[in-house]
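The file run.cif contains mmCIF, C-alpha atoms:
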```
data_final
#
loop_
_atom_site.label_atom_id
_atom_site.label_comp_id
_atom_site.auth_asym_id
_atom_site.auth_seq_id
_atom_site.Cartn_x
_atom_site.Cartn_y
_atom_site.Cartn_z
CA MET A 1 12.30 3.55 16.21
CA GLU A 2 14.83 0.76 16.89
CA LEU A 3 18.27 1.75 15.57
CA HIS A 4 20.84 -0.86 14.53
CA PHE A 5 23.85 1.27 15.52
CA ASN A 6 25.08 3.42 18.40
CA ALA A 7 23.28 6.70 17.79
CA ALA A 8 24.71 8.24 20.99
CA VAL A 9 28.26 7.99 19.63
CA LEU A 10 27.25 9.64 16.36
CA GLU A 11 25.37 12.40 18.18
CA ALA A 12 28.41 13.06 20.38
CA LEU A 13 30.64 13.41 17.31
CA LEU A 14 28.16 15.85 15.80
CA LYS A 15 27.82 17.85 19.00
CA ASN A 16 31.62 18.12 19.32
CA ARG A 17 31.86 19.22 15.67
CA SER A 18 34.10 16.21 14.90
CA TYR A 19 32.92 16.16 11.30
CA LYS A 20 35.75 14.03 9.90
CA GLU A 21 35.20 11.32 12.51
CA LEU A 22 31.44 11.55 11.94
CA ARG A 23 31.95 11.17 8.19
CA ASP A 24 34.11 8.06 8.74
CA ALA A 25 31.58 6.58 11.19
CA LEU A 26 28.65 7.17 8.83
CA ALA A 27 30.61 5.64 5.94
CA GLU A 28 30.49 2.29 7.74
CA LEU A 29 26.66 2.32 7.89
CA ASN A 30 24.07 1.35 5.33
CA GLU A 31 22.28 4.27 3.63
CA VAL A 32 18.98 3.27 5.26
CA ASP A 33 20.58 3.33 8.72
CA ILE A 34 22.11 6.74 8.04
CA ALA A 35 18.68 8.05 7.05
CA GLU A 36 17.17 6.63 10.26
CA PHE A 37 19.87 8.40 12.27
CA LEU A 38 19.22 11.73 10.52
CA GLU A 39 15.48 11.39 11.21
CA THR A 40 16.20 11.28 14.95
CA LEU A 41 18.04 14.63 14.87
CA PRO A 42 16.62 18.17 15.02
CA PRO A 43 16.38 19.70 11.51
CA GLU A 44 19.48 21.91 11.85
CA GLU A 45 21.65 19.05 13.10
CA ALA A 46 20.29 16.70 10.41
CA VAL A 47 21.42 19.19 7.75
CA LEU A 48 24.90 19.39 9.30
CA ALA A 49 25.24 15.61 9.46
CA PHE A 50 23.99 15.23 5.90
CA ARG A 51 26.61 17.66 4.62
CA THR A 52 29.40 15.42 5.95
CA LEU A 53 28.38 12.63 3.53
CA PRO A 54 30.30 12.02 0.31
CA LYS A 55 28.48 12.90 -2.92
CA GLY A 56 27.49 9.38 -3.99
CA PRO A 57 26.09 8.04 -0.69
CA ALA A 58 24.45 11.42 -0.02
CA ALA A 59 21.98 10.95 -2.88
CA GLU A 60 21.11 7.41 -1.73
CA VAL A 61 20.57 8.61 1.84
CA PHE A 62 18.50 11.56 0.59
CA ALA A 63 16.14 9.17 -1.23
CA GLU A 64 15.44 7.33 2.07
CA LEU A 65 14.56 10.45 4.09
CA GLU A 66 11.06 11.64 4.98
CA PRO A 67 9.75 14.58 2.89
CA GLU A 68 10.04 17.03 5.81
CA THR A 69 13.72 16.24 6.31
CA GLN A 70 14.34 16.41 2.56
CA GLN A 71 12.77 19.86 2.48
CA HIS A 72 15.00 21.08 5.34
CA ILE A 73 18.09 19.85 3.47
CA VAL A 74 16.98 21.41 0.18
CA THR A 75 16.27 24.74 1.88
CA ALA A 76 19.73 24.80 3.45
CA ALA A 77 21.61 23.52 0.38
CA THR A 78 23.42 25.74 -2.09
CA ASP A 79 22.51 25.56 -5.78
CA ALA A 80 25.65 23.52 -6.46
CA GLU A 81 24.83 21.03 -3.68
CA LEU A 82 21.25 20.79 -4.90
CA ALA A 83 22.33 20.08 -8.48
CA ALA A 84 24.73 17.38 -7.27
CA ILE A 85 22.03 15.64 -5.23
CA LEU A 86 19.51 15.77 -8.06
CA GLU A 87 21.90 14.43 -10.69
CA ASP A 88 22.83 11.45 -8.48
CA LEU A 89 19.22 10.54 -7.68
CA PHE A 90 17.46 7.97 -9.82
CA VAL A 91 14.63 9.65 -11.71
CA ASP A 92 11.86 7.76 -9.90
CA ASP A 93 13.32 8.79 -6.52
CA ALA A 94 13.58 12.40 -7.71
CA VAL A 95 9.95 12.35 -8.85
CA ASP A 96 8.75 10.86 -5.53
CA PHE A 97 10.67 13.59 -3.72
CA LEU A 98 9.30 16.42 -5.89
CA GLU A 99 5.70 15.25 -5.53
CA ASP A 100 5.86 16.00 -1.80
CA MET A 101 7.52 19.41 -2.11
CA PRO A 102 5.90 22.88 -2.24
CA ALA A 103 5.78 24.55 -5.65
CA SER A 104 8.52 27.07 -4.73
CA VAL A 105 10.92 24.27 -3.79
CA VAL A 106 10.12 22.30 -6.97
CA LYS A 107 10.80 25.38 -9.08
CA ARG A 108 14.21 25.90 -7.47
CA ILE A 109 15.15 22.22 -7.84
CA LEU A 110 14.20 22.02 -11.51
CA LYS A 111 16.09 25.25 -12.13
CA ASN A 112 19.29 23.55 -10.94
CA ALA A 113 18.77 20.33 -12.91
CA THR A 114 20.40 19.63 -16.26
CA PRO A 115 18.08 19.97 -19.29
CA GLU A 116 18.04 16.18 -19.74
CA THR A 117 17.15 15.47 -16.10
CA ARG A 118 14.58 18.29 -16.07
CA GLY A 119 12.94 16.84 -19.19
CA LEU A 120 12.73 13.36 -17.69
CA ILE A 121 11.31 14.63 -14.40
CA ASN A 122 8.69 16.76 -16.15
CA GLN A 123 7.70 13.76 -18.25
CA PHE A 124 7.25 11.59 -15.16
CA LEU A 125 5.32 14.28 -13.29
CA HIS A 126 2.70 14.33 -16.06
CA TYR A 127 1.80 10.65 -15.65
CA PRO A 128 -1.43 9.98 -13.71
CA PRO A 129 -0.97 9.58 -9.95
CA ASP A 130 -0.62 5.96 -8.81
CA SER A 131 0.09 4.81 -12.38
CA ALA A 132 2.94 2.59 -13.55
CA GLY A 133 4.41 5.61 -15.32
CA SER A 134 4.56 7.60 -12.08
CA ILE A 135 6.64 4.98 -10.22
CA MET A 136 8.90 3.71 -13.02
CA THR A 137 12.55 4.62 -13.45
CA ALA A 138 14.22 5.63 -16.70
CA GLU A 139 17.62 4.21 -15.66
CA PHE A 140 17.49 0.74 -17.25
CA THR A 141 19.91 -1.30 -19.37
CA ASP A 142 18.92 -1.49 -23.02
CA LEU A 143 20.61 -3.50 -25.76
CA HIS A 144 20.28 -3.72 -29.54
CA PRO A 145 19.37 -7.06 -31.13
CA ASP A 146 22.37 -7.02 -33.49
CA MET A 147 24.92 -6.65 -30.68
CA THR A 148 27.18 -9.63 -30.00
CA VAL A 149 27.34 -10.98 -26.48
CA GLY A 150 30.80 -9.45 -26.11
CA GLU A 151 29.54 -6.04 -27.20
CA ALA A 152 26.54 -6.31 -24.87
CA LEU A 153 28.73 -7.10 -21.86
CA SER A 154 31.03 -4.21 -22.69
CA HIS A 155 28.00 -1.91 -22.94
CA ILE A 156 26.73 -3.10 -19.53
CA ARG A 157 30.16 -2.52 -17.93
CA ARG A 158 30.34 0.96 -19.43
CA THR A 159 26.83 2.13 -18.49
CA GLY A 160 25.79 -0.14 -15.60
CA GLU A 161 26.96 2.14 -12.82
CA ASP A 162 24.23 4.66 -13.67
CA ARG A 163 21.48 2.02 -14.01
CA GLU A 164 19.12 1.08 -11.21
CA THR A 165 19.47 -2.61 -12.13
CA VAL A 166 21.58 -4.57 -14.63
CA TYR A 167 20.30 -8.06 -13.92
CA THR A 168 17.64 -7.84 -16.61
CA CYS A 169 18.39 -6.13 -19.93
CA TYR A 170 15.80 -5.02 -22.47
CA VAL A 171 16.30 -5.37 -26.20
CA VAL A 172 14.98 -2.44 -28.22
CA GLY A 173 14.74 -1.90 -31.96
CA PRO A 174 14.06 1.14 -34.14
CA ARG A 175 12.11 3.94 -32.38
CA ARG A 176 12.89 2.16 -29.07
CA ARG A 177 10.21 -0.47 -29.58
CA LEU A 178 10.52 -3.26 -27.02
CA LEU A 179 11.57 -6.47 -28.80
CA GLY A 180 12.68 -8.80 -26.05
CA VAL A 181 14.41 -9.37 -22.73
CA VAL A 182 17.67 -11.08 -21.81
CA THR A 183 19.31 -11.66 -18.42
CA VAL A 184 22.93 -10.96 -17.58
CA ARG A 185 23.22 -14.60 -16.55
CA SER A 186 22.34 -15.69 -20.09
CA LEU A 187 24.91 -13.30 -21.52
CA LEU A 188 27.67 -14.43 -19.17
CA LEU A 189 27.10 -18.08 -20.01
CA ALA A 190 26.91 -17.54 -23.80
CA LYS A 191 29.74 -17.34 -26.30
CA ASP A 192 30.96 -13.85 -27.15
CA GLU A 193 30.19 -14.12 -30.86
CA LEU A 194 26.49 -14.96 -30.44
CA LEU A 195 23.96 -12.22 -31.16
CA VAL A 196 21.65 -10.79 -28.52
CA ARG A 197 18.64 -11.53 -30.75
CA ASP A 198 19.48 -15.25 -30.51
CA LEU A 199 19.43 -15.18 -26.70
CA MET A 200 16.55 -12.82 -25.97
CA GLU A 201 13.08 -13.91 -24.94
CA PRO A 202 10.71 -12.23 -27.44
CA ASP A 203 7.48 -12.70 -25.46
CA VAL A 204 7.88 -9.83 -23.00
CA ILE A 205 5.34 -9.15 -20.27
CA SER A 206 4.96 -5.39 -19.85
CA VAL A 207 2.50 -2.75 -18.66
CA PRO A 208 1.44 0.56 -20.25
CA THR A 209 2.41 3.81 -18.56
CA THR A 210 -1.24 4.47 -17.64
CA ALA A 211 -1.77 1.09 -15.91
CA ASP A 212 -2.51 1.21 -12.19
CA GLN A 213 0.60 0.79 -10.06
CA GLU A 214 -1.06 -2.15 -8.29
CA GLU A 215 -1.25 -3.98 -11.63
CA ALA A 216 2.51 -3.58 -12.09
CA VAL A 217 3.13 -4.86 -8.57
CA ARG A 218 0.81 -7.82 -9.16
CA LEU A 219 2.71 -8.83 -12.31
CA LEU A 220 6.07 -8.51 -10.55
CA GLY A 221 4.84 -10.82 -7.80
CA ARG A 222 3.09 -13.28 -10.09
CA TYR A 223 6.07 -13.88 -12.36
CA ASN A 224 8.81 -13.29 -9.73
CA PHE A 225 10.42 -10.59 -11.86
CA LEU A 226 13.15 -8.28 -10.57
CA SER A 227 11.89 -5.55 -12.89
CA LEU A 228 8.98 -4.97 -15.26
CA PRO A 229 9.13 -2.95 -18.50
CA VAL A 230 6.75 -0.02 -18.97
CA VAL A 231 5.77 0.93 -22.53
CA ASP A 232 3.85 3.82 -24.06
CA GLY A 233 0.86 3.58 -26.38
CA GLU A 234 3.10 2.71 -29.35
CA GLY A 235 4.97 -0.08 -27.61
CA ARG A 236 8.11 1.97 -26.98
CA LEU A 237 10.10 1.23 -23.84
CA VAL A 238 10.07 4.27 -21.57
CA GLY A 239 11.00 2.82 -18.17
CA ILE A 240 10.94 -0.09 -15.76
CA VAL A 241 9.31 -0.77 -12.40
CA THR A 242 11.73 -2.46 -10.00
CA VAL A 243 11.20 -4.56 -6.91
CA ASP A 244 12.05 -1.70 -4.55
CA ASP A 245 9.31 0.37 -6.23
CA ALA A 246 6.90 -2.54 -5.75
CA VAL A 247 7.72 -2.79 -2.04
CA ASP A 248 6.97 0.93 -1.59
CA VAL A 249 3.65 0.54 -3.40
CA MET A 250 2.67 -2.51 -1.34
CA GLU A 251 3.41 -0.66 1.89
CA GLN A 252 1.45 2.37 0.70
CA GLU A 253 -1.56 0.32 -0.44
CA ALA A 254 -1.56 -1.81 2.72
CA THR A 255 -1.52 1.35 4.87
CA GLU A 256 -4.41 2.83 2.90
CA ASP A 257 -6.43 -0.39 3.26
CA PHE A 258 -5.81 -0.56 7.02
CA GLU A 259 -6.96 3.03 7.44
CA LYS A 260 -10.05 2.54 5.28
CA MET A 261 -10.94 -0.66 7.13
CA ALA A 262 -10.80 1.34 10.35
CA ALA A 263 -13.11 3.99 8.86
CA MET A 264 -10.47 6.68 8.34
CA THR A 265 -9.48 8.75 5.34
CA PRO A 266 -5.97 7.60 4.29
CA SER A 267 -3.05 9.84 5.22
CA GLU A 268 0.30 9.87 3.42
CA ARG A 269 2.25 11.19 6.42
CA PRO A 270 3.57 9.18 9.41
CA TYR A 271 1.42 9.27 12.54
CA LEU A 272 3.85 11.23 14.72
CA LYS A 273 4.39 13.81 11.96
CA THR A 274 0.68 14.36 11.32
CA GLY A 275 -0.96 17.29 13.10
CA VAL A 276 -3.86 16.91 15.50
CA PHE A 277 -6.29 18.80 13.26
CA GLU A 278 -5.29 16.76 10.22
CA LEU A 279 -5.80 13.49 12.12
CA ALA A 280 -9.19 14.72 13.31
CA LYS A 281 -10.15 15.69 9.75
CA HIS A 282 -9.26 12.21 8.48
CA ARG A 283 -11.38 10.53 11.13
CA ILE A 284 -14.41 12.73 11.62
CA LEU A 285 -16.08 12.23 8.22
CA TRP A 286 -16.50 8.48 8.57
CA LEU A 287 -17.44 8.81 12.23
CA LEU A 288 -20.21 11.21 11.22
CA VAL A 289 -21.42 8.80 8.54
CA LEU A 290 -21.41 5.87 10.97
CA MET A 291 -23.04 7.94 13.72
CA ILE A 292 -25.86 9.01 11.43
CA SER A 293 -26.33 5.49 10.09
CA GLY A 294 -26.27 4.24 13.68
CA MET A 295 -29.38 6.32 14.34
CA LEU A 296 -31.21 3.68 12.32
CA THR A 297 -30.60 1.27 15.18
CA GLY A 298 -32.09 3.74 17.62
CA GLY A 299 -35.12 4.13 15.37
CA ILE A 300 -35.68 0.37 15.32
CA LEU A 301 -35.43 0.16 19.11
CA GLY A 302 -37.94 2.98 19.43
CA HIS A 303 -40.31 1.17 17.08
CA TYR A 304 -40.33 -1.90 19.34
CA GLU A 305 -40.60 0.03 22.60
CA ALA A 306 -43.81 -1.80 23.46
CA ALA A 307 -41.96 -5.12 23.34
CA PHE A 308 -39.49 -3.84 25.93
CA ALA A 309 -42.30 -2.74 28.20
CA ALA A 310 -44.03 -6.11 27.95
CA LEU A 311 -40.88 -8.21 28.35
CA PRO A 312 -37.90 -6.18 29.69
CA MET A 313 -35.63 -9.26 29.62
CA LEU A 314 -35.40 -8.93 25.82
CA VAL A 315 -33.10 -5.92 26.20
CA THR A 316 -30.51 -8.04 28.02
CA PHE A 317 -29.55 -10.02 24.90
CA ILE A 318 -29.30 -7.19 22.36
CA PRO A 319 -25.56 -6.44 22.89
CA MET A 320 -24.66 -10.11 22.49
CA LEU A 321 -26.65 -10.47 19.26
CA THR A 322 -25.37 -7.28 17.66
CA ASP A 323 -21.74 -7.87 18.68
CA THR A 324 -21.77 -11.45 17.43
CA GLY A 325 -23.36 -10.37 14.15
CA GLY A 326 -20.83 -7.59 13.63
CA ASN A 327 -17.91 -9.91 14.39
CA ALA A 328 -19.25 -12.58 12.05
CA GLY A 329 -19.63 -10.07 9.23
CA SER A 330 -16.16 -8.66 9.82
CA GLN A 331 -14.62 -12.13 9.57
CA SER A 332 -16.10 -12.65 6.12
CA SER A 333 -15.40 -9.15 4.82
CA THR A 334 -11.76 -9.32 5.95
CA LEU A 335 -11.18 -12.57 4.04
CA ILE A 336 -12.89 -11.27 0.90
CA ILE A 337 -11.03 -7.93 1.00
CA ARG A 338 -7.75 -9.80 1.36
CA GLY A 339 -8.69 -12.14 -1.52
CA LEU A 340 -9.45 -9.17 -3.76
CA ALA A 341 -6.20 -7.45 -2.78
CA VAL A 342 -4.04 -10.42 -3.78
CA ASN A 343 -6.19 -11.26 -6.83
CA GLU A 344 -7.42 -14.58 -5.46
CA LEU A 345 -11.00 -13.39 -6.05
CA SER A 346 -12.78 -11.40 -8.73
CA LEU A 347 -16.33 -10.23 -9.46
CA ARG A 348 -17.18 -13.44 -11.29
CA ASP A 349 -16.63 -15.33 -8.02
CA LEU A 350 -19.60 -13.62 -6.32
CA PRO A 351 -21.96 -16.67 -6.63
CA LYS A 352 -19.23 -18.98 -5.28
CA VAL A 353 -18.53 -16.62 -2.40
CA LEU A 354 -22.21 -16.33 -1.46
CA TRP A 355 -22.71 -20.10 -1.59
CA LYS A 356 -19.62 -20.77 0.51
CA GLU A 357 -20.42 -18.08 3.10
CA LEU A 358 -23.99 -19.36 3.36
CA ARG A 359 -22.77 -22.86 4.22
CA VAL A 360 -20.11 -21.61 6.62
CA SER A 361 -22.60 -19.31 8.36
CA LEU A 362 -25.09 -22.14 8.70
CA LEU A 363 -22.54 -24.33 10.49
CA VAL A 364 -21.29 -21.48 12.70
CA GLY A 365 -24.80 -20.22 13.39
CA VAL A 366 -26.10 -23.66 14.46
CA VAL A 367 -23.24 -24.09 16.95
CA LEU A 368 -23.63 -20.59 18.43
CA SER A 369 -27.43 -20.92 18.61
CA ALA A 370 -27.26 -24.32 20.34
CA VAL A 371 -24.75 -23.06 22.92
CA ASN A 372 -26.90 -19.99 23.59
CA PHE A 373 -30.11 -21.98 23.92
CA VAL A 374 -28.58 -24.35 26.47
CA ARG A 375 -26.93 -21.51 28.41
CA LEU A 376 -30.10 -19.38 28.58
CA ALA A 377 -32.34 -22.34 29.42
CA LEU A 378 -30.09 -23.16 32.39
CA THR A 379 -29.61 -19.52 33.45
CA TYR A 380 -33.29 -18.53 33.15
CA PRO A 381 -35.41 -21.61 34.00
CA GLY A 382 -38.97 -21.40 32.74
CA ASN A 383 -38.06 -18.98 29.93
CA GLU A 384 -37.41 -21.54 27.21
CA LEU A 385 -39.31 -19.50 24.61
CA ILE A 386 -37.03 -16.51 25.21
CA ALA A 387 -34.00 -18.84 24.90
CA LEU A 388 -35.45 -20.16 21.64
CA THR A 389 -36.06 -16.61 20.39
CA VAL A 390 -32.43 -15.65 21.05
CA ALA A 391 -31.15 -18.89 19.48
CA ILE A 392 -33.19 -18.46 16.28
CA THR A 393 -32.18 -14.80 16.04
CA MET A 394 -28.53 -15.78 16.50
CA LEU A 395 -28.73 -18.30 13.65
CA PHE A 396 -30.29 -15.88 11.16
CA THR A 397 -28.12 -12.96 12.28
CA VAL A 398 -24.90 -14.93 11.71
CA MET A 399 -26.11 -16.18 8.34
CA LEU A 400 -27.10 -12.69 7.25
CA ALA A 401 -23.92 -11.08 8.60
CA LYS A 402 -21.56 -13.48 6.86
CA THR A 403 -23.47 -13.22 3.59
CA ILE A 404 -23.40 -9.41 3.72
CA GLY A 405 -19.74 -9.43 4.77
CA GLY A 406 -18.87 -11.62 1.79
CA ALA A 407 -20.96 -9.76 -0.77
CA LEU A 408 -20.37 -6.07 0.01
CA PRO A 409 -16.62 -5.94 -0.82
CA LEU A 410 -17.33 -7.61 -4.18
CA LEU A 411 -20.17 -5.20 -4.88
CA ALA A 412 -17.88 -2.29 -3.99
CA LYS A 413 -15.37 -3.63 -6.51
CA ALA A 414 -18.12 -3.81 -9.14
CA LEU A 415 -18.91 -0.13 -8.49
CA HIS A 416 -15.19 0.77 -8.85
CA MET A 417 -14.92 1.57 -5.13
CA ASP A 418 -12.19 0.39 -2.78
CA PRO A 419 -13.42 -2.87 -1.16
CA ALA A 420 -11.61 -1.88 2.05
CA ILE A 421 -14.34 0.62 2.91
CA MET A 422 -16.73 -2.33 3.32
CA ALA A 423 -14.92 -3.43 6.46
CA SER A 424 -15.74 -3.80 10.13
CA PRO A 425 -17.37 -0.42 11.02
CA LEU A 426 -19.76 -0.31 8.06
CA ILE A 427 -20.59 -4.04 8.20
CA THR A 428 -21.27 -3.77 11.93
CA THR A 429 -23.64 -0.83 11.46
CA ILE A 430 -25.64 -2.65 8.79
CA VAL A 431 -25.76 -5.94 10.70
CA ASP A 432 -26.79 -4.24 13.96
CA ALA A 433 -29.91 -2.84 12.33
CA ALA A 434 -30.73 -6.11 10.57
CA SER A 435 -30.23 -8.23 13.71
CA LEU A 436 -32.64 -6.03 15.69
CA VAL A 437 -35.33 -6.39 13.04
CA ILE A 438 -34.86 -10.17 13.04
CA TYR A 439 -34.82 -10.29 16.85
CA PHE A 440 -38.08 -8.45 17.40
CA SER A 441 -39.80 -10.15 14.47
CA VAL A 442 -39.02 -13.56 15.98
CA ALA A 443 -39.98 -12.31 19.45
CA GLN A 444 -43.38 -11.10 18.24
CA ALA A 445 -43.98 -14.45 16.58
CA LEU A 446 -43.03 -16.62 19.58
CA LEU A 447 -43.66 -14.54 22.66
CA PRO A 448 -46.84 -12.96 24.13
CA ILE A 449 -45.99 -9.32 23.45
#
```
Take the structure in this file and express it as structure tokens.
Amino acid sequence: MELHFNAAVLEALLKNRSYKELRDALAELNEVDIAEFLETLPPEEAVLAFRTLPKGPAAEVFAELEPETQQHIVTAATDAELAAILEDLFVDDAVDFLEDMPASVVKRILKNATPETRGLINQFLHYPPDSAGSIMTAEFTDLHPDMTVGEALSHIRRTGEDRETVYTCYVVGPRRRLLGVVTVRSLLLAKDELLVRDLMEPDVISVPTTADQEEAVRLLGRYNFLSLPVVDGEGRLVGIVTVDDAVDVMEQEATEDFEKMAAMTPSERPYLKTGVFELAKHRILWLLVLMISGMLTGGILGHYEAAFAALPMLVTFIPMLTDTGGNAGSQSSTLIIRGLAVNELSLRDLPKVLWKELRVSLLVGVVLSAVNFVRLALTYPGNELIALTVAITMLFTVMLAKTIGGALPLLAKALHMDPAIMASPLITTIVDAASLVIYFSVAQALLPI
């Protein structure tokens, strides 16, 4: 981890028990940098350093810590310290923190929360995992349509300190139904006597609490919003998803996709903080699946054993054909998975994808086949039929691989599966078997075996 401050100086202050100097030094750092520093310390020292922080910054630093460090701090904290931390946390940060804690810790934390905070946290914890409701925050700025601009600005000044964002304000009517949205910029530039209803934008883009968190992130990115309102089934405003929430979701989803594309079960914990047995558990399932499916390749080779005996040179070109086919398929699948992830592609684009990949594979396959034919004809004079066999196999293998690589992620999406699982390892296994069948079929047709 690259630190943007002198950690040695801070560690020396902590070691010498110079808590006042440490407190002053930490006060000059950003909350994220303080959290990074605490993560480098042993648990007991991290707790000591955390306790030197003032009340306000302490909650912000706490929200940036890893779950293990948070648990150490909670375990060491008194009930009064715990209540202070919880009350200063934004609700969405508190919920994220509680979701990673053991039941005994959650029980103690909720016991020390105020009834209002406890009610909000319990409400959030009941939303489906990975839903917009589970990542939203309840600390937003709401206005009434009959407020004047002057009254609205006074309300923002009075309540804004406890809100996660004040740049976008939401106009609510009776029963907290979402009526419109207005920016602070619009309020500042308007005359004080104007009504909020005259400035608000009534056509509000929102998401329901049960919507997938990726849908909320997509809308934030598409419309360049700083925050997105979340409503319940009756159109009542219950929270907002902010940009910082979206960044966390994007990082989480990208990590999951990378791990699935590498044939691993996703893990929510950092690599260095994940145990050996847990890492093995996440990897072994897919490796078993791929190993068993790879036996198909061995079965095909065994079926054509007579061809090897008649013409041993055929074996020489198998690695090149299978590797090229796997790489070609991975190229296509990677582009399609990325297109699905950023909503550039959808299921209705399947015919367009197949047609485009077919044309691309034809061009690529012709070039690779021609280069191989010339190379083999020069390397093995008198074996032009073998060179032709390899060239034809290369052409059809590339065409098949790119078509499969383009189609499988879309088919996975149609079956409500994560397209990322249709990535390199699985594509390679399928294409290896198909390329061998093509290879020996062409060889039997052209060669005396």
Result set of the PyMOL selection byres ((chain A and resi 18-33) around 10) on the coordinates above, as a count of residues only: 34
Go ahead and compute the interatomic distance for CA of Thr40 (chain A) and CA of Leu89 (chain A), in Å to one decimal. 22.8 Å
What does the PyMOL selection byres ((chain A and resi 117) around 12) select in this file, as a CSV table (one decimal) with C-alpha atoms, in the frame of the given file?
```
chain,number,residue,atom,x,y,z
A,83,ALA,CA,22.3,20.1,-8.5
A,84,ALA,CA,24.7,17.4,-7.3
A,85,ILE,CA,22.0,15.6,-5.2
A,86,LEU,CA,19.5,15.8,-8.1
A,87,GLU,CA,21.9,14.4,-10.7
A,88,ASP,CA,22.8,11.4,-8.5
A,89,LEU,CA,19.2,10.5,-7.7
A,90,PHE,CA,17.5,8.0,-9.8
A,91,VAL,CA,14.6,9.6,-11.7
A,92,ASP,CA,11.9,7.8,-9.9
A,94,ALA,CA,13.6,12.4,-7.7
A,95,VAL,CA,10.0,12.4,-8.8
A,109,ILE,CA,15.2,22.2,-7.8
A,110,LEU,CA,14.2,22.0,-11.5
A,111,LYS,CA,16.1,25.2,-12.1
A,112,ASN,CA,19.3,23.6,-10.9
A,113,ALA,CA,18.8,20.3,-12.9
A,114,THR,CA,20.4,19.6,-16.3
A,115,PRO,CA,18.1,20.0,-19.3
A,116,GLU,CA,18.0,16.2,-19.7
A,118,ARG,CA,14.6,18.3,-16.1
A,119,GLY,CA,12.9,16.8,-19.2
A,120,LEU,CA,12.7,13.4,-17.7
A,121,ILE,CA,11.3,14.6,-14.4
A,122,ASN,CA,8.7,16.8,-16.2
A,123,GLN,CA,7.7,13.8,-18.2
A,124,PHE,CA,7.2,11.6,-15.2
A,138,ALA,CA,14.2,5.6,-16.7
A,139,GLU,CA,17.6,4.2,-15.7
```
Distance query region 348-354 of chain A at most 8 Å, all atoms listed in the file, self and fewer than 2 positions along chain excluded, as a CSV table (one decimal) with C-alpha atoms, in the frame of the given file:
```
chain,number,residue,atom,x,y,z
A,345,LEU,CA,-11.0,-13.4,-6.0
A,346,SER,CA,-12.8,-11.4,-8.7
A,356,LYS,CA,-19.6,-20.8,0.5
A,357,GLU,CA,-20.4,-18.1,3.1
A,358,LEU,CA,-24.0,-19.4,3.4
A,403,THR,CA,-23.5,-13.2,3.6
A,406,GLY,CA,-18.9,-11.6,1.8
A,407,ALA,CA,-21.0,-9.8,-0.8
A,410,LEU,CA,-17.3,-7.6,-4.2
```
Given the PyMOL selection byres ((chain A and resi 304-309) around 12) and the file above, list the residues it selects as a list in words.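 Applying the PyMOL selection byres ((chain A and resi 304-309) around 12) to the structure shown produces Thr297, Gly298, Gly299, Ile300, Leu301, Gly302, His303, Ala310, Leu311, Pro312, Met313, Leu314, Val315, Thr316, Phe317, Ile318, Leu436, Val437, Ile438, Tyr439, Phe440, Ser441, Val442, Ala443, Gln444, Ala445, Leu447, Pro448 and Ile449 of chain A.
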So which residues are close to (-28.6, -18.8, 19.9), meaning at most 7 Å away in the file's coordinates with only C-alpha atoms counted, and can you show them as a ChimeraX atom specification? /A:368-373,390-395
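Here CA of Lys402 (chain A) is placed at a distance of 26.5 Å from CA of Ala377 (chain A).
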